[in-house]
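For reference, the structure discussed in these notes is given below.
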Amino acid sequence: MISHHFDDATLVARAAGAMSEGMSLLIDSHLHWCKECQERAWQAEQIGGQLLDQLTPAELLEDSLSSVLALLDEDAPVATFKPRVSGSDEVPEPLAQLIGGDLDALPWRGMGIGLQQYDLNLGGAGACRLLRIKPGVSVPHHTHKGNELTMILRGSYSDDIGRFCKGDVADLDDQVKHQPIVDTEHECICLIATDAPLQFTGIMGRLAQPFIGL
Ligand SMILES: [Zn+2]
């Protein structure tokens, strides 16, 4: 049962195509599991379409047709073949396309006591990583310069906002300062996408920043 969903602003930004690759991946992963957000994402796309319809068309330059035709003559980039990988109970299909369906099979890297990460290396601004957190471990208190999306794949955590379980998303902007802590005897694995580096606060945070580097 999913109880935390995206903000409207996030779904509108997705409909406008204004998301980093990592954030799009996280959103598509949640949509894969969440009928409620699928419906809202569809509505956001309809609103965007209506706004586009109301725009006054810009006049075309005289040579528009010839420059478009010239583009057709250029060598088209060869599409890279992407094997289709099905999702699993823990990995929604959009994410499985990149990492496979088995979280335990990833080459996790230790980041200090009780924390491991796997960087998806998507490039561009921000970051997109999987974090694997041992029971009772808390991520240092931090705020965000930009937005941060988190989706839980295994286990659960609690923070100042509430309790987040499998499938839930935390949709945070730069006004939120929080300190998630894994709240059962099971580890927690979550996908995190940011559009700017996290800002750690407090001395523990400053110490952890170079290691975490989110
Ligand atoms: Zn949802």
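Following the order of the structure tokens, chains are lettered A, B, ..., residues in each are numbered from 1, and ligands are numbered from 1.
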task = List all protein, DNA and RNA residues that have an atom no more than 7 Å from any atom of ligand 1, counting only C-alpha atoms and all ligand atoms, and report them as a list in words.
result =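 These are the residues that qualify: Ile2, His4, His5, Phe6, His30, Leu31, Cys34, Lys35, Glu36 and Cys37 of chain A.
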query = Neighbours of stretch 39-44 of chain A within 8 Å (only C-alpha atoms; same-chain residues fewer than 5 positions away dropped), as a ChimeraX atom specification?
reply = /A:8,11-12,15
What would the file look like if the residues just selected were written as a PDB file, in the first residue's frame with N, CA, C and O atoms?
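After the write, result.pdb holds the following:
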```pdb
ATOM      1  N   ASP A   8       2.070  17.811  -7.095  1.00  0.00           N
ATOM      2  CA  ASP A   8       1.567  18.190  -8.420  1.00  0.00           C
ATOM      3  C   ASP A   8       2.673  18.845  -9.247  1.00  0.00           C
ATOM      4  O   ASP A   8       2.805  18.596 -10.446  1.00  0.00           O
ATOM      5  N   LEU A  11       4.794  16.390 -11.107  1.00  0.00           N
ATOM      6  CA  LEU A  11       4.159  15.737 -12.259  1.00  0.00           C
ATOM      7  C   LEU A  11       3.980  16.716 -13.422  1.00  0.00           C
ATOM      8  O   LEU A  11       4.078  16.333 -14.588  1.00  0.00           O
ATOM      9  N   VAL A  12       3.762  17.995 -13.097  1.00  0.00           N
ATOM     10  CA  VAL A  12       3.654  19.006 -14.168  1.00  0.00           C
ATOM     11  C   VAL A  12       5.025  19.202 -14.823  1.00  0.00           C
ATOM     12  O   VAL A  12       5.142  19.269 -16.049  1.00  0.00           O
ATOM     13  N   ALA A  15       5.597  16.405 -17.132  1.00  0.00           N
ATOM     14  CA  ALA A  15       4.809  16.538 -18.363  1.00  0.00           C
ATOM     15  C   ALA A  15       5.459  17.546 -19.304  1.00  0.00           C
ATOM     16  O   ALA A  15       5.365  17.428 -20.521  1.00  0.00           O
TER      17      ALA A  15
END
```
ask   = Which residue, A:Thr150, A:Gln50, A:Ser67, A:Ser88, has the smallest gap to A:Leu131 when you use only C-alpha atoms?
value = A:Thr150
task = Could you tell me how far atom CA of A:Asp171 lies from atom CA of A:Gly101, in Å and to one decimal?
result =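 That distance, rounded to one decimal, is 24.3 Å.
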ask   = What is the distance between atom CA of A:Glu45 and atom CA of A:Ala170, in Å to one decimal?
value = 21.7 Å
query = Can you list every residue in stretch 67-186 of chain A that DSSP puts in strand (DSSP E), as number ranges by chain?
reply = A: 109-110, 115-119, 127-133, 142-144, 148-154, 157-158, 163-164, 169-172, 181-182
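Restricting the calculation to only C-alpha atoms, the smallest distance between A:Met19 and any of A:Gly162, A:Ala125, A:Met1, A:Ser64 is found for A:Ala125.
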